[in-house]
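Shown next: query-v9.cif, containing mmCIF, C-alpha atoms.
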```cif
data_run
loop_
_atom_site.label_atom_id
_atom_site.label_comp_id
_atom_site.auth_asym_id
_atom_site.auth_seq_id
_atom_site.Cartn_x
_atom_site.Cartn_y
_atom_site.Cartn_z
CA MET X 284 -37.17 -39.84 -31.05
CA ARG X 285 -39.68 -37.64 -29.30
CA ILE X 286 -42.52 -39.39 -31.09
CA ILE X 287 -41.32 -42.83 -29.98
CA ALA X 288 -41.00 -41.70 -26.36
CA GLU X 289 -44.43 -40.10 -26.53
CA ASN X 290 -46.00 -43.31 -27.81
CA ILE X 291 -44.29 -45.50 -25.21
CA PHE X 292 -45.50 -43.13 -22.51
CA ARG X 293 -49.03 -43.27 -23.91
CA PHE X 294 -48.82 -47.07 -23.97
CA LEU X 295 -47.86 -47.32 -20.30
CA LEU X 296 -50.38 -44.71 -19.17
CA LEU X 297 -53.26 -46.37 -21.03
CA VAL X 298 -52.35 -49.86 -19.76
CA ILE X 299 -52.32 -48.62 -16.16
CA VAL X 300 -55.58 -46.70 -16.52
CA GLN X 301 -57.22 -49.66 -18.24
CA VAL X 302 -56.23 -52.48 -15.89
CA LEU X 303 -56.37 -50.61 -12.61
CA PHE X 304 -59.50 -48.50 -13.13
CA LEU X 305 -61.62 -49.27 -16.17
CA ASN X 306 -61.45 -53.07 -15.85
CA ASN X 307 -62.77 -52.73 -12.32
CA LEU X 308 -65.74 -50.55 -13.20
CA GLN X 309 -68.73 -52.24 -11.64
CA PHE X 310 -71.53 -51.54 -14.07
CA THR X 311 -73.14 -54.72 -15.24
CA TYR X 312 -73.01 -54.31 -19.01
CA CYS X 313 -70.27 -51.77 -19.41
CA THR X 314 -66.49 -52.08 -19.52
CA PRO X 315 -65.01 -49.31 -21.68
CA TYR X 316 -61.75 -50.31 -23.36
CA ILE X 317 -60.04 -47.01 -24.02
CA TYR X 318 -56.54 -48.51 -24.25
CA ILE X 319 -57.19 -48.78 -27.99
CA LEU X 320 -56.55 -45.03 -28.06
CA PHE X 321 -52.89 -46.08 -28.23
CA ILE X 322 -53.47 -47.80 -31.57
CA LEU X 323 -55.75 -45.01 -32.79
CA SER X 324 -53.08 -42.41 -31.95
CA LEU X 325 -50.10 -44.04 -33.65
CA PRO X 326 -48.57 -41.62 -36.19
CA VAL X 327 -50.20 -41.70 -39.60
CA ALA X 328 -46.78 -42.21 -41.16
CA CYS X 329 -46.11 -45.25 -38.99
CA PRO X 330 -45.24 -48.23 -41.25
CA ARG X 331 -48.05 -50.76 -41.43
CA TRP X 332 -45.99 -53.65 -40.08
CA LEU X 333 -45.20 -51.57 -37.01
CA ASP X 334 -48.94 -50.85 -36.61
CA LEU X 335 -49.56 -54.58 -36.47
CA ILE X 336 -46.71 -55.35 -34.05
CA ALA X 337 -47.75 -52.46 -31.77
CA GLY X 338 -51.33 -53.75 -31.76
CA PHE X 339 -50.14 -57.25 -30.96
CA VAL X 340 -47.97 -56.14 -28.03
CA MET X 341 -50.74 -53.91 -26.64
CA GLY X 342 -53.31 -56.70 -26.87
CA LEU X 343 -51.02 -59.25 -25.26
CA THR X 344 -50.24 -56.89 -22.38
CA ILE X 345 -53.91 -56.28 -21.64
CA ASP X 346 -54.58 -60.03 -21.96
CA MET X 347 -51.90 -60.76 -19.38
CA PHE X 348 -53.56 -58.47 -16.87
CA SER X 349 -57.12 -59.61 -17.44
CA ASN X 350 -56.53 -63.37 -17.93
CA THR X 351 -58.21 -63.38 -21.34
CA LEU X 352 -55.33 -64.93 -23.25
CA GLY X 353 -55.50 -64.03 -26.96
CA MET X 354 -58.83 -62.19 -27.07
CA HIS X 355 -57.59 -58.61 -26.76
CA THR X 356 -54.64 -59.56 -28.97
CA PHE X 357 -56.96 -60.72 -31.73
CA ALA X 358 -59.16 -57.61 -31.60
CA CYS X 359 -56.17 -55.25 -31.41
CA VAL X 360 -54.31 -56.74 -34.37
CA LEU X 361 -57.53 -56.52 -36.37
CA ILE X 362 -58.03 -52.80 -35.77
CA ALA X 363 -54.32 -52.13 -36.26
CA TYR X 364 -54.76 -53.69 -39.71
CA LEU X 365 -58.01 -51.82 -40.46
CA ARG X 366 -56.56 -48.49 -39.33
CA TYR X 367 -54.73 -47.86 -42.61
CA PHE X 368 -57.88 -48.45 -44.66
CA THR X 369 -60.00 -46.32 -42.36
CA ILE X 370 -57.59 -43.41 -42.66
CA LYS X 371 -57.62 -43.82 -46.44
CA LEU X 372 -61.42 -43.90 -46.45
CA PHE X 373 -62.28 -40.92 -44.24
CA ILE X 374 -59.32 -38.59 -44.35
CA SER X 375 -58.37 -36.45 -47.30
CA GLU X 376 -54.91 -36.77 -48.82
CA GLU X 377 -53.48 -33.46 -47.56
CA ASN X 378 -54.40 -34.23 -43.96
CA ARG X 379 -52.68 -37.58 -44.03
CA ILE X 380 -49.12 -36.30 -43.77
CA THR X 381 -49.60 -34.99 -40.23
CA ASN X 382 -48.16 -36.89 -37.36
CA LYS X 383 -50.86 -37.93 -34.96
CA PRO X 384 -54.56 -38.47 -35.63
CA SER X 385 -56.61 -35.86 -33.69
CA PHE X 386 -59.37 -33.27 -34.10
CA HIS X 387 -56.73 -30.81 -35.10
CA SER X 388 -55.04 -32.83 -37.81
CA PHE X 389 -58.01 -34.77 -39.24
CA GLY X 390 -60.87 -32.34 -38.70
CA VAL X 391 -63.66 -33.02 -36.21
CA MET X 392 -66.07 -35.15 -38.24
CA PRO X 393 -63.50 -37.36 -40.01
CA TYR X 394 -61.79 -38.04 -36.67
CA VAL X 395 -65.07 -38.92 -34.97
CA LYS X 396 -65.92 -41.32 -37.81
CA TYR X 397 -62.46 -42.86 -37.59
CA VAL X 398 -62.82 -43.42 -33.83
CA ILE X 399 -66.36 -44.81 -34.06
CA LEU X 400 -65.57 -47.32 -36.80
CA LEU X 401 -62.45 -48.76 -35.17
CA THR X 402 -63.89 -48.77 -31.63
CA VAL X 403 -67.04 -50.57 -32.69
CA ALA X 404 -64.98 -53.08 -34.71
CA HIS X 405 -62.73 -53.75 -31.71
CA HIS X 406 -65.53 -54.09 -29.14
CA THR X 407 -67.65 -56.26 -31.40
CA VAL X 408 -64.85 -58.73 -32.07
CA LEU X 409 -63.65 -58.74 -28.46
CA LEU X 410 -67.04 -59.23 -26.81
CA ALA X 411 -68.15 -61.76 -29.41
CA LEU X 412 -64.97 -63.77 -28.76
CA GLU X 413 -65.54 -63.53 -25.04
CA ALA X 414 -69.10 -64.75 -25.48
CA MET X 415 -68.21 -67.50 -27.95
CA THR X 416 -69.61 -70.32 -25.84
CA PHE X 417 -72.75 -68.43 -24.85
CA VAL X 418 -76.26 -68.70 -26.14
CA ASN X 419 -77.39 -65.32 -24.93
CA TRP X 420 -76.71 -63.13 -27.95
CA TRP X 421 -78.94 -60.28 -26.82
CA ILE X 422 -76.82 -59.64 -23.81
CA THR X 423 -73.66 -59.71 -25.91
CA LEU X 424 -75.21 -57.17 -28.27
CA LEU X 425 -76.22 -54.98 -25.35
CA ARG X 426 -72.69 -55.18 -23.95
CA ILE X 427 -71.20 -54.24 -27.34
CA ILE X 428 -73.50 -51.24 -27.76
CA ILE X 429 -73.13 -49.85 -24.25
CA SER X 430 -69.39 -50.45 -23.95
CA SER X 431 -68.69 -48.99 -27.41
CA ALA X 432 -70.78 -45.90 -26.71
CA VAL X 433 -68.96 -45.23 -23.45
CA SER X 434 -65.50 -45.88 -24.95
CA ILE X 435 -66.19 -43.57 -27.89
CA ALA X 436 -67.50 -40.87 -25.57
CA ILE X 437 -64.37 -41.05 -23.41
CA ILE X 438 -61.96 -41.05 -26.37
CA ILE X 439 -63.69 -38.07 -27.99
CA ALA X 440 -63.88 -36.23 -24.66
CA LEU X 441 -60.12 -36.70 -24.22
CA GLN X 442 -59.65 -34.74 -27.45
CA PHE X 443 -61.25 -31.69 -25.85
CA VAL X 444 -58.99 -31.95 -22.83
CA LYS X 445 -55.73 -32.14 -24.75
CA ARG X 446 -54.13 -28.99 -26.06
CA ASN X 447 -52.96 -30.29 -29.42
CA MET D 244 -40.25 -67.12 -59.67
CA LYS D 245 -39.86 -63.37 -59.89
CA ASN D 246 -43.62 -62.99 -59.88
CA LEU D 247 -43.92 -65.18 -56.84
CA ILE D 248 -41.41 -63.13 -54.89
CA GLN D 249 -43.15 -59.94 -55.98
CA PHE D 250 -46.43 -61.40 -54.84
CA PHE D 251 -45.05 -62.11 -51.38
CA ILE D 252 -43.50 -58.66 -51.08
CA ARG D 253 -46.69 -57.02 -52.20
CA TYR D 254 -48.85 -58.82 -49.70
CA SER D 255 -46.28 -59.08 -46.91
CA ILE D 256 -48.35 -56.84 -44.62
CA PHE D 257 -51.36 -59.04 -45.14
CA PHE D 258 -49.32 -62.16 -44.35
CA LEU D 259 -47.98 -60.56 -41.17
CA PHE D 260 -51.57 -59.73 -40.26
CA LEU D 261 -52.62 -63.34 -40.82
CA LEU D 262 -49.66 -64.65 -38.82
CA LEU D 263 -50.44 -62.45 -35.80
CA GLU D 264 -54.16 -63.22 -35.91
CA THR D 265 -53.45 -66.94 -36.10
CA THR D 266 -51.15 -66.65 -33.07
CA ALA D 267 -53.85 -64.82 -31.13
CA PHE D 268 -56.46 -67.34 -32.18
CA LEU D 269 -54.29 -70.28 -31.12
CA LEU D 270 -53.80 -68.61 -27.73
CA ILE D 271 -57.57 -68.35 -27.34
CA VAL D 272 -58.30 -71.90 -28.45
CA HIS D 273 -55.58 -73.50 -26.33
CA ASN D 274 -56.18 -71.24 -23.36
CA THR D 275 -56.71 -74.13 -20.97
CA GLY D 276 -53.55 -75.80 -22.28
CA PHE D 277 -51.58 -72.62 -21.66
CA GLN D 278 -52.79 -72.23 -18.13
CA ARG D 279 -49.45 -73.45 -16.88
CA ILE D 280 -47.75 -70.50 -18.55
CA VAL D 281 -47.87 -68.30 -15.48
CA PHE D 282 -46.10 -65.54 -17.39
CA LEU D 283 -49.18 -64.99 -19.56
CA SER D 284 -51.66 -64.67 -16.70
CA SER D 285 -52.14 -62.05 -14.01
CA ALA D 286 -50.25 -64.30 -11.59
CA ASN D 287 -46.98 -63.13 -13.19
CA SER D 288 -45.01 -60.96 -10.86
CA VAL D 289 -45.23 -57.63 -12.72
CA ALA D 290 -49.01 -57.78 -13.08
CA ALA D 291 -49.54 -59.15 -9.59
CA ARG D 292 -47.30 -56.57 -7.94
CA MET D 293 -49.08 -53.77 -9.73
CA TYR D 294 -52.45 -55.08 -8.60
CA GLN D 295 -51.12 -55.50 -5.09
CA SER D 296 -49.93 -51.92 -4.75
CA SER D 297 -53.15 -50.46 -6.16
CA GLU D 298 -55.18 -52.73 -3.89
CA SER D 299 -53.32 -51.49 -0.84
CA ILE D 300 -54.64 -48.00 -1.59
CA PHE D 301 -58.24 -49.13 -1.94
CA ASP D 302 -57.92 -51.35 1.12
CA PHE D 303 -58.09 -48.32 3.31
CA PHE D 304 -61.66 -47.64 2.24
CA LYS D 305 -62.79 -51.18 2.91
CA LEU D 306 -61.40 -51.33 6.45
CA LYS D 307 -64.66 -50.64 8.20
CA GLN D 308 -66.47 -53.41 6.40
CA ALA D 309 -63.62 -55.86 6.88
CA ASN D 310 -63.64 -55.07 10.57
CA MET D 311 -67.32 -55.85 10.85
CA LYS D 312 -66.86 -59.13 9.04
CA LEU D 313 -64.00 -60.15 11.33
CA ASN D 314 -66.05 -59.25 14.36
CA GLU D 315 -68.92 -61.41 13.20
CA GLU D 316 -66.61 -64.29 12.47
CA ASN D 317 -64.95 -63.92 15.84
CA ALA D 318 -68.27 -64.11 17.59
CA ASP D 319 -69.24 -67.14 15.58
CA LEU D 320 -65.99 -68.91 16.46
CA ARG D 321 -66.40 -68.11 20.14
CA ASN D 322 -69.86 -69.63 20.06
CA ARG D 323 -68.45 -72.74 18.52
CA ILE D 324 -65.72 -72.97 21.17
CA VAL D 325 -68.40 -72.91 23.86
CA GLY D 326 -70.31 -75.62 22.02
CA LEU D 327 -67.21 -77.77 21.66
CA GLN D 328 -66.25 -77.33 25.31
CA ASN D 329 -69.68 -78.59 26.34
CA GLU D 330 -69.29 -81.51 23.99
CA LEU D 331 -65.87 -82.27 25.46
CA ILE D 332 -67.23 -82.37 29.01
CA ARG D 333 -70.05 -84.62 27.90
CA ILE D 334 -67.68 -87.03 26.14
CA ARG D 335 -65.21 -87.15 29.05
CA ASN D 336 -68.00 -88.27 31.29
CA MET D 337 -68.87 -91.12 28.98
CA GLN D 338 -67.15 -94.47 29.13
CA ASN D 339 -64.08 -94.97 26.99
CA ASP D 340 -64.81 -96.68 23.73
CA THR D 341 -61.84 -98.83 22.77
CA ALA D 342 -62.91 -99.12 19.13
CA TYR D 343 -62.77 -95.36 18.67
CA ILE D 344 -60.30 -94.12 16.06
CA PRO D 345 -59.66 -90.36 16.12
CA ALA D 346 -60.48 -88.63 12.85
CA GLU D 347 -57.50 -87.44 10.91
CA ASN D 348 -57.17 -83.70 10.74
CA ASP D 349 -56.98 -83.50 6.97
CA LEU D 350 -58.16 -79.95 6.28
CA GLN D 351 -56.06 -76.81 6.58
CA TYR D 352 -57.09 -73.23 5.81
CA ILE D 353 -54.70 -70.77 4.20
CA PRO D 354 -55.88 -67.15 4.60
CA ALA D 355 -55.34 -64.90 1.57
CA LYS D 356 -56.12 -61.41 0.40
CA ILE D 357 -57.75 -60.57 -2.93
CA ILE D 358 -55.65 -58.18 -5.01
CA ASN D 359 -57.71 -58.16 -8.21
CA ASN D 360 -61.31 -59.10 -8.84
CA SER D 361 -63.94 -58.73 -11.55
CA THR D 362 -67.69 -59.44 -11.53
CA ASN D 363 -68.98 -57.91 -14.75
CA LYS D 364 -67.38 -60.11 -17.43
CA TYR D 365 -68.52 -63.44 -18.83
CA LYS D 366 -65.46 -65.14 -17.43
CA ASN D 367 -64.41 -63.56 -14.17
CA TYR D 368 -61.15 -64.20 -12.35
CA ILE D 369 -59.74 -63.32 -8.94
CA THR D 370 -56.03 -62.83 -8.18
CA ILE D 371 -54.84 -63.43 -4.59
CA ASN D 372 -51.59 -62.77 -2.75
CA LYS D 373 -50.76 -66.35 -1.76
CA GLY D 374 -48.95 -68.82 -4.01
CA GLU D 375 -46.93 -71.98 -4.23
CA ARG D 376 -44.60 -71.09 -1.34
CA ASP D 377 -47.64 -70.74 0.94
CA GLY D 378 -48.88 -74.20 -0.04
CA VAL D 379 -51.47 -73.20 -2.64
CA ALA D 380 -51.87 -75.58 -5.60
CA PRO D 381 -54.23 -75.70 -8.63
CA GLY D 382 -57.54 -77.42 -7.91
CA MET D 383 -57.88 -76.33 -4.28
CA GLY D 384 -61.21 -74.91 -3.09
CA VAL D 385 -61.55 -71.30 -1.97
CA ILE D 386 -64.11 -70.00 0.54
CA ALA D 387 -64.92 -66.75 2.32
CA THR D 388 -66.71 -66.13 5.61
CA ASP D 389 -70.09 -66.24 3.86
CA GLY D 390 -69.56 -69.29 1.68
CA VAL D 391 -67.98 -70.79 -1.44
CA VAL D 392 -65.88 -68.52 -3.68
CA GLY D 393 -64.26 -70.78 -6.30
CA ILE D 394 -61.34 -73.00 -7.28
CA VAL D 395 -57.63 -72.20 -7.74
CA LYS D 396 -56.58 -72.25 -11.41
CA THR D 397 -53.02 -70.96 -11.87
CA VAL D 398 -50.30 -70.66 -9.22
CA SER D 399 -47.01 -68.77 -9.29
CA ASN D 400 -44.53 -68.57 -6.44
CA LYS D 401 -46.25 -65.78 -4.53
CA PHE D 402 -49.60 -65.34 -6.28
CA ALA D 403 -52.52 -67.38 -7.55
CA VAL D 404 -55.53 -66.92 -9.87
CA ILE D 405 -58.92 -68.26 -8.76
CA ILE D 406 -61.86 -69.14 -10.99
CA PRO D 407 -64.87 -67.91 -8.97
CA ILE D 408 -68.39 -69.30 -9.28
CA LEU D 409 -68.93 -66.30 -11.58
CA ASN D 410 -67.26 -68.11 -14.47
CA PRO D 411 -68.92 -70.74 -16.65
CA GLU D 412 -65.68 -72.79 -16.66
CA ILE D 413 -66.54 -74.36 -13.30
CA SER D 414 -69.59 -75.70 -11.53
CA ILE D 415 -69.85 -76.40 -7.80
CA ASN D 416 -71.27 -79.77 -6.74
CA SER D 417 -73.97 -78.79 -4.24
CA LYS D 418 -77.04 -80.10 -2.43
CA PHE D 419 -80.11 -78.98 -0.53
CA LYS D 420 -79.31 -78.67 3.15
CA SER D 421 -82.76 -79.96 4.07
CA ASN D 422 -83.15 -83.07 1.90
CA ASN D 423 -79.67 -83.76 0.45
CA TYR D 424 -80.69 -83.78 -3.25
CA ILE D 425 -77.55 -83.09 -5.28
CA GLY D 426 -76.94 -80.90 -8.33
CA PRO D 427 -74.24 -78.65 -9.81
CA VAL D 428 -74.42 -74.86 -9.35
CA GLU D 429 -73.54 -73.00 -12.55
CA TRP D 430 -73.36 -69.34 -13.46
CA GLN D 431 -75.20 -68.03 -16.50
CA GLY D 432 -73.06 -64.97 -17.15
CA GLU D 433 -75.62 -62.32 -16.29
CA ASP D 434 -75.85 -61.13 -12.72
CA TYR D 435 -73.10 -61.47 -10.12
CA ARG D 436 -75.68 -62.09 -7.37
CA PHE D 437 -77.38 -65.11 -8.89
CA ALA D 438 -76.50 -68.56 -10.26
CA ASN D 439 -78.51 -71.62 -11.24
CA LEU D 440 -78.84 -75.01 -9.57
CA MET D 441 -79.16 -77.70 -12.22
CA ASP D 442 -80.31 -81.32 -12.40
CA ILE D 443 -82.95 -81.24 -9.67
CA ALA D 444 -85.64 -83.71 -10.76
CA ARG D 445 -89.34 -82.77 -10.69
CA HIS D 446 -90.32 -85.03 -7.81
CA VAL D 447 -88.22 -83.01 -5.35
CA HIS D 448 -90.04 -80.41 -3.26
CA VAL D 449 -88.37 -77.04 -3.58
CA TYR D 450 -89.18 -74.00 -1.46
CA LYS D 451 -88.09 -70.38 -1.70
CA GLY D 452 -85.30 -69.67 0.76
CA ASP D 453 -84.01 -73.26 0.93
CA SER D 454 -80.30 -73.35 1.71
CA ILE D 455 -77.88 -74.82 -0.82
CA VAL D 456 -74.57 -76.08 0.57
CA THR D 457 -71.57 -77.95 -0.85
CA SER D 458 -72.14 -81.68 -1.17
CA GLY D 459 -68.77 -82.91 0.13
CA LEU D 460 -68.70 -85.44 -2.70
CA THR D 461 -65.57 -83.95 -4.25
CA SER D 462 -62.20 -83.49 -2.59
CA THR D 463 -62.28 -79.74 -3.27
CA PHE D 464 -64.83 -78.64 -0.67
CA PRO D 465 -65.84 -80.26 2.62
CA GLU D 466 -69.55 -80.83 3.17
CA GLY D 467 -71.92 -78.10 4.27
CA ILE D 468 -70.27 -74.83 3.16
CA PRO D 469 -73.03 -72.37 2.12
CA VAL D 470 -73.39 -71.75 -1.63
CA GLY D 471 -76.65 -69.79 -1.65
CA THR D 472 -80.39 -69.80 -1.09
CA VAL D 473 -83.25 -70.51 -3.51
CA GLU D 474 -84.47 -67.21 -4.93
CA GLU D 475 -86.90 -68.38 -7.60
CA PHE D 476 -87.77 -71.67 -9.24
CA TYR D 477 -89.78 -72.80 -12.20
CA LEU D 478 -91.01 -76.17 -13.45
CA GLY D 479 -92.54 -76.33 -16.92
CA GLU D 480 -95.25 -78.90 -17.55
CA ASN D 481 -93.00 -81.04 -19.76
CA ASN D 482 -89.72 -80.47 -17.95
CA ALA D 483 -87.99 -83.27 -16.14
CA TYR D 484 -85.82 -80.84 -14.20
CA TYR D 485 -86.43 -77.64 -12.29
CA THR D 486 -84.99 -74.30 -13.32
CA ILE D 487 -83.78 -72.98 -9.98
CA GLN D 488 -82.23 -69.57 -9.50
CA ILE D 489 -80.21 -69.22 -6.33
CA ARG D 490 -78.92 -66.10 -4.61
CA LEU D 491 -75.21 -66.64 -3.98
CA ALA D 492 -74.10 -66.55 -0.36
CA VAL D 493 -70.98 -64.53 -1.16
CA ASN D 494 -71.17 -60.94 -2.37
CA PHE D 495 -68.40 -60.94 -4.95
CA ARG D 496 -68.31 -57.16 -5.28
CA THR D 497 -67.29 -56.51 -1.68
CA LEU D 498 -65.15 -59.61 -1.22
CA SER D 499 -61.61 -58.95 -0.01
CA TYR D 500 -60.45 -61.81 2.22
CA VAL D 501 -60.66 -65.51 1.36
CA ARG D 502 -59.39 -68.82 2.71
CA ILE D 503 -57.95 -71.61 0.59
CA ILE D 504 -58.82 -75.13 1.62
CA ARG D 505 -55.87 -77.47 1.60
CA ASN D 506 -57.11 -81.05 1.75
CA ASN D 507 -54.09 -83.18 2.68
CA ASN D 508 -55.84 -86.26 1.36
CA GLN D 509 -56.87 -84.71 -1.96
CA SER D 510 -54.39 -86.59 -4.15
CA GLU D 511 -55.01 -89.91 -2.41
CA TRP D 512 -58.77 -89.39 -2.78
CA GLU D 513 -58.53 -88.60 -6.49
CA ASN D 514 -56.02 -91.36 -7.24
CA THR D 515 -58.21 -93.95 -5.57
CA GLU D 516 -61.17 -92.82 -7.66
CA LYS D 517 -59.06 -92.92 -10.81
CA THR D 518 -57.78 -96.42 -10.02
CA ALA D 519 -61.31 -97.62 -9.43
CA GLN D 520 -62.28 -96.52 -12.93
CA MET D 521 -59.52 -98.57 -14.57
CA PRO D 522 -60.52 -101.96 -15.98
CA THR D 523 -60.09 -104.82 -13.54
CA PRO D 524 -57.36 -107.27 -14.62
CA ASN D 525 -58.67 -110.76 -15.42
CA ASP D 526 -57.21 -113.65 -13.51
#
```
Output the file's structure as structure tokens, nothing else.
Amino acid sequence: MRIIAENIFRFLLLVIVQVLFLNNLQFTYCTPYIYILFILSLPVACPRWLDLIAGFVMGLTIDMFSNTLGMHTFACVLIAYLRYFTIKLFISEENRITNKPSFHSFGVMPYVKYVILLTVAHHTVLLALEAMTFVNWWITLLRIIISSAVSIAIIIALQFVKRN
Amino acid sequence: MKNLIQFFIRYSIFFLFLLLETTAFLLIVHNTGFQRIVFLSSANSVAARMYQSSESIFDFFKLKQANMKLNEENADLRNRIVGLQNELIRIRNMQNDTAYIPAENDLQYIPAKIINNSTNKYKNYITINKGERDGVAPGMGVIATDGVVGIVKTVSNKFAVIIPILNPEISINSKFKSNNYIGPVEWQGEDYRFANLMDIARHVHVYKGDSIVTSGLTSTFPEGIPVGTVEEFYLGENNAYYTIQIRLAVNFRTLSYVRIIRNNNQSEWENTEKTAQMPTPND
């Protein structure tokens, strides 16, 4: 019960932070999307179908606020699907039983790798979709690199702030 | 049969994944078709209310600038009143012309406040606090004190979403103020200060600083509203058309008040044009 409440709270908090502050950041090539921390922080034991549904709902909510119907949804469902494989790939068996992915439960390096892989996957898909009709691929690439770097930095930094 | 069922159970997660991705993809592809689903855009009441309350906090910090803008506009309007009064006196002194038909007052301005705005995406959108009950409808033009802002896309009861010039979905039919050559203004997705003027043929003389205004050839914007000024232009040896970069008249980052243009003749205008394009019946 506590875990469900905690995740719903995290969902609401991240949506508010994302749509009211981060989406309005006025740097030309940089919009960090840290709301994916919700998907990254779902319990390891969370059933995979619930991962997917949670990703879908999160994506749709962000889409509603930013008028990008479907794009965030697509990227979110993708990383919700990849999450299971990423955990399997980077995190040793005995660490997988713990509840919530973090420095503490995964170890610093595995967690960093986990965050980097999923964030880059999400940003690449999202910004490529957004740019679908555009010829200017260099700018899209620049956006992906800068936005991913900033998102990863923020997500990792949040780990230092939190107590557990 | 048993194998088949086992197969589906085994890959059920993958099928769910495919189902959700297909849904998302359909939403993206049919985005324009879904634009009537107000619920899925930021014009829905939860999203709009949230934006409105956060905007009211930030408003406080923009007050000084808004004040200055209003002052300038006030002064401008006063000047125009003086001009019109002079005109009125001049006309009263002239003889009455019996063939004169007074022009219909077909334009109305609806003031609105921006409650959400972006400038750093490929496709930017603006949400405002006026909607259907205030007379806003999709397709109406939107301007600010400095010039053209964009076109209304989605409308709910109390809110509306605007596509600004900073979105490749629209282009603004514009012309040179000096010589009336016409071309669309389109945004290239890079810098919120600049857009491009297309379709200007090589025989036209272009100068830096030339004013670009709306052409008045569509029912969305009346003639002569500023769009921008020529910043840079380039004409390759083999090009039939100029590449013209214009500096937009409106600063989209500091924008907070806009006016929606309600053209009471818009539907009649468009219907007449549509009828004209239909094949003529033979008789």
When the PyMOL selection byres ((chain D) within 8 of (chain X)) is applied to the structure above, which residues does it catch, written out as a JSON list (two decimals) with C-alpha atoms, keeping the file's coordinate frame?
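Produced file result.json, reproduced below:
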```json
[["chain", "number", "residue", "atom", "x", "y", "z"],
["D", 256, "ILE", "CA", -48.35, -56.84, -44.62],
["D", 259, "LEU", "CA", -47.98, -60.56, -41.17],
["D", 260, "PHE", "CA", -51.57, -59.73, -40.26],
["D", 263, "LEU", "CA", -50.44, -62.45, -35.80],
["D", 264, "GLU", "CA", -54.16, -63.22, -35.91],
["D", 266, "THR", "CA", -51.15, -66.65, -33.07],
["D", 267, "ALA", "CA", -53.85, -64.82, -31.13],
["D", 268, "PHE", "CA", -56.46, -67.34, -32.18],
["D", 269, "LEU", "CA", -54.29, -70.28, -31.12],
["D", 270, "LEU", "CA", -53.80, -68.61, -27.73],
["D", 271, "ILE", "CA", -57.57, -68.35, -27.34],
["D", 274, "ASN", "CA", -56.18, -71.24, -23.36],
["D", 282, "PHE", "CA", -46.10, -65.54, -17.39],
["D", 283, "LEU", "CA", -49.18, -64.99, -19.56],
["D", 284, "SER", "CA", -51.66, -64.67, -16.70],
["D", 285, "SER", "CA", -52.14, -62.05, -14.01],
["D", 290, "ALA", "CA", -49.01, -57.78, -13.08],
["D", 294, "TYR", "CA", -52.45, -55.08, -8.60],
["D", 297, "SER", "CA", -53.15, -50.46, -6.16],
["D", 360, "ASN", "CA", -61.31, -59.10, -8.84],
["D", 361, "SER", "CA", -63.94, -58.73, -11.55],
["D", 362, "THR", "CA", -67.69, -59.44, -11.53],
["D", 363, "ASN", "CA", -68.98, -57.91, -14.75],
["D", 365, "TYR", "CA", -68.52, -63.44, -18.83],
["D", 366, "LYS", "CA", -65.46, -65.14, -17.43],
["D", 368, "TYR", "CA", -61.15, -64.20, -12.35],
["D", 434, "ASP", "CA", -75.85, -61.13, -12.72]]
```
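Here CA of Pro469 (chain D) and CA of His446 (chain D) stand 23.6 Å from one another.
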Could you list the residues chosen by the PyMOL selection byres ((chain X and resi 293) around 12) in this structure as an mmCIF file with C-alpha atoms, in the frame of the given file?
```
data_model
loop_
_atom_site.group_PDB
_atom_site.id
_atom_site.type_symbol
_atom_site.label_atom_id
_atom_site.label_comp_id
_atom_site.auth_asym_id
_atom_site.auth_seq_id
_atom_site.Cartn_x
_atom_site.Cartn_y
_atom_site.Cartn_z
ATOM 1 C CA ILE X 286 -42.520 -39.390 -31.090
ATOM 2 C CA ILE X 287 -41.320 -42.830 -29.980
ATOM 3 C CA ALA X 288 -41.000 -41.700 -26.360
ATOM 4 C CA GLU X 289 -44.430 -40.100 -26.530
ATOM 5 C CA ASN X 290 -46.000 -43.310 -27.810
ATOM 6 C CA ILE X 291 -44.290 -45.500 -25.210
ATOM 7 C CA PHE X 292 -45.500 -43.130 -22.510
ATOM 8 C CA PHE X 294 -48.820 -47.070 -23.970
ATOM 9 C CA LEU X 295 -47.860 -47.320 -20.300
ATOM 10 C CA LEU X 296 -50.380 -44.710 -19.170
ATOM 11 C CA LEU X 297 -53.260 -46.370 -21.030
ATOM 12 C CA VAL X 298 -52.350 -49.860 -19.760
ATOM 13 C CA ILE X 299 -52.320 -48.620 -16.160
ATOM 14 C CA VAL X 300 -55.580 -46.700 -16.520
ATOM 15 C CA GLN X 301 -57.220 -49.660 -18.240
ATOM 16 C CA ILE X 317 -60.040 -47.010 -24.020
ATOM 17 C CA TYR X 318 -56.540 -48.510 -24.250
ATOM 18 C CA ILE X 319 -57.190 -48.780 -27.990
ATOM 19 C CA LEU X 320 -56.550 -45.030 -28.060
ATOM 20 C CA PHE X 321 -52.890 -46.080 -28.230
ATOM 21 C CA ILE X 322 -53.470 -47.800 -31.570
ATOM 22 C CA LEU X 323 -55.750 -45.010 -32.790
ATOM 23 C CA SER X 324 -53.080 -42.410 -31.950
ATOM 24 C CA LEU X 325 -50.100 -44.040 -33.650
ATOM 25 C CA MET X 341 -50.740 -53.910 -26.640
#
```
Target residues per the PyMOL selection byres ((chain D and resi 489) around 8), formatted as a list in words =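 Those residues are Phe437, Ala438, Asn439, Leu440, Gly471, Thr472, Val473, Glu474, Glu475, Ile487, Gln488, Arg490 and Leu491 of chain D.
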One-decimal distance in Å that lies between CA of Phe301 (chain D) and CA of Ile369 (chain D) =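 About the pair CA of Ile369 (chain D) and CA of Phe301 (chain D): they are 15.9 Å apart.
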